[in-house]
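Take a look at the structure set out below.
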Amino acid sequence: MNTSSNPIEQSFELAASRCTDLTPHVYQRLFEQHPETRAMFRTQGSELVMGSMLALTIEAILDFAGDRRGQFRLIACEVASHDGYGTPRELFIAFFSVIRDTLRDLLRDEWSPDIAQAWDRVLIEIDAFAGVPA
Ligand code: HEM
């Protein structure tokens, strides 16, 4: 596998070489940091929804930090639909930091200054992007 030159992609590639599924790590952290989110997911079939929500969010982040072919638009669309699920915008945005923190813990000494800076930048950009009405 070629290592990507995009630090955001790199961080996901490195995480994938260390763990087969990010899902339990991300949601464990989400539920610890924002306990109120546990009750937001349906009681039946929530694993599928949570897995799919994370996969789509990761695709959107990669596109946002990469070529911006289109998947990044999900972010703006989902701010509005999550309003309907009772997820305030600040909490919606917090999901991206939860993903970043999960990767950082998994990567440990492979979490380079380049990767850290790219994540700082992308989180600020996503915050600005999601603030704009879709
Ligand atoms: C802490 C922040 C978030 C919370 C608490 C949250 C909560 C939820 C809940 C409760 C559902 C399921 C609704 C149902 O049962 O049908 C859902 C679905 C979904 N969420 Fe989130 N969400 C968050 C952040 C995000 C972000 C940042 C994105 C993407 C940019 C996203 C994308 C989606 C998508 C695409 C679905 C539909 C999944 C599917 O059924 O295939 N969510 N979210």
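Naming works like this for the structure tokens: A, B, ... for the chains as they're shown, residue 1 at the start of each chain, ligands 1 onward in shown order.
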Which protein, DNA or RNA residues have an atom within 6 Å of ligand 1, counting only C-alpha atoms and all ligand atoms, as a ChimeraX atom specification? /A:37,40-42,49,52-53,56-57,74-75,78,85,87,91-95
Would you write out those residues with N, CA and C atoms, as a compact mmCIF listing (two decimals), in the first residue's frame?
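Below is the file that was written, out_36.txt:
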```
# COMPACT_ATOMS: atom_id res chain seq x y z
N THR A 37 -25.16 11.24 24.69
CA THR A 37 -25.33 10.75 23.33
C THR A 37 -25.74 9.27 23.30
N MET A 40 -29.27 8.69 22.64
CA MET A 40 -29.81 9.25 21.38
C MET A 40 -29.97 8.18 20.31
N PHE A 41 -29.16 7.12 20.41
CA PHE A 41 -29.23 6.08 19.38
C PHE A 41 -30.33 5.09 19.72
N ARG A 42 -31.01 4.60 18.70
CA ARG A 42 -32.12 3.66 18.90
C ARG A 42 -31.62 2.43 19.66
N VAL A 49 -26.47 1.50 12.54
CA VAL A 49 -26.56 2.95 12.33
C VAL A 49 -25.24 3.62 12.73
N SER A 52 -22.46 2.81 10.24
CA SER A 52 -22.68 3.52 8.99
C SER A 52 -22.42 5.02 9.16
N MET A 53 -22.86 5.58 10.29
CA MET A 53 -22.63 7.01 10.53
C MET A 53 -21.13 7.30 10.56
N LEU A 56 -19.54 6.92 6.95
CA LEU A 56 -19.88 8.06 6.08
C LEU A 56 -19.16 9.34 6.53
N THR A 57 -19.03 9.49 7.85
CA THR A 57 -18.32 10.67 8.36
C THR A 57 -16.86 10.63 7.93
N LEU A 74 -21.93 15.98 2.63
CA LEU A 74 -22.72 15.30 3.66
C LEU A 74 -22.70 16.09 4.97
N ILE A 75 -21.55 16.70 5.25
CA ILE A 75 -21.40 17.38 6.54
C ILE A 75 -22.47 18.47 6.70
N GLU A 78 -26.00 16.90 6.94
CA GLU A 78 -26.31 16.20 8.20
C GLU A 78 -26.47 17.15 9.39
N TYR A 85 -32.77 15.06 14.82
CA TYR A 85 -32.56 13.97 15.80
C TYR A 85 -32.31 14.52 17.19
N THR A 87 -29.71 16.58 17.91
CA THR A 87 -28.26 16.73 18.13
C THR A 87 -27.88 18.18 17.85
N LEU A 91 -22.50 19.65 19.41
CA LEU A 91 -22.27 18.23 19.64
C LEU A 91 -21.95 17.52 18.33
N PHE A 92 -22.66 17.89 17.29
CA PHE A 92 -22.42 17.34 15.96
C PHE A 92 -20.94 17.54 15.59
N ILE A 93 -20.45 18.76 15.79
CA ILE A 93 -19.06 19.10 15.47
C ILE A 93 -18.09 18.32 16.37
N ALA A 94 -18.52 18.07 17.62
CA ALA A 94 -17.64 17.38 18.56
C ALA A 94 -17.28 15.98 18.07
N PHE A 95 -18.13 15.40 17.24
CA PHE A 95 -17.86 14.04 16.73
C PHE A 95 -16.54 14.00 15.95
```
Using the chain letters and numbers from this document, which residues of segment 3-127 of chain A does DSSP assign to helix (DSSP H, G or I), as an MDAnalysis selection string? chainID A and resid 7:18 23:33 35:40 46:65 73:85 89:110 113:127
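Closest approach to Cys77 of chain A among A:Leu107, A:Ala60, A:Leu48, A:Ala116 is made by A:Ala60 (distances from only C-alpha atoms).
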For a quick check of understanding, using only C-alpha atoms, which of A:Leu14, A:Ile99, A:Val26, A:Cys19 has the smallest distance to Ser112 of chain A?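 Checking each of A:Leu14, A:Ile99, A:Val26, A:Cys19 against Ser112 of chain A, counting only C-alpha atoms, the winner is A:Leu14.
Here atom CA of Leu123 of chain A is placed at a distance of 10.0 Å from atom CA of Ala65 of chain A.
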Would you list the contacts of Gln10 of chain A as JSON, numbers by chain, taking every protein, DNA or RNA residue within 12 Å and counting only C-alpha atoms, but skipping same-chain residues closer than 4 positions in sequence? {"A": [1, 2, 3, 4, 5, 6, 14, 15, 16, 17, 62, 65, 66, 103, 104, 107, 110, 111, 112, 114, 115, 116, 118, 119]}
Quick one: residues within 12 Å of Arg38 of chain A, only C-alpha atoms counted, chain neighbours fewer than 4 positions away excluded, as an MDAnalysis selection string? chainID A and resid 27:34 42:43 46:47 50 87
Kindly indicate which residue among A:Arg73, A:Arg108, A:His25, A:Arg100 lies nearest to Phe129 of chain A, using only C-alpha atoms for the distances. A:Arg73
Residue with the minimum atom-to-atom distance to Ser11 of chain A, picked from A:Asp109, A:Glu125, A:Asp83, A:Glu90 with only C-alpha atoms counted, is A:Asp109
So the first atom is atom CA of Arg18 of chain A and the second is atom CA of Arg121 of chain A; what is the distance between them in Å, to one decimal place?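 Separating atom CA of Arg18 of chain A from atom CA of Arg121 of chain A is a distance of 24.4 Å.
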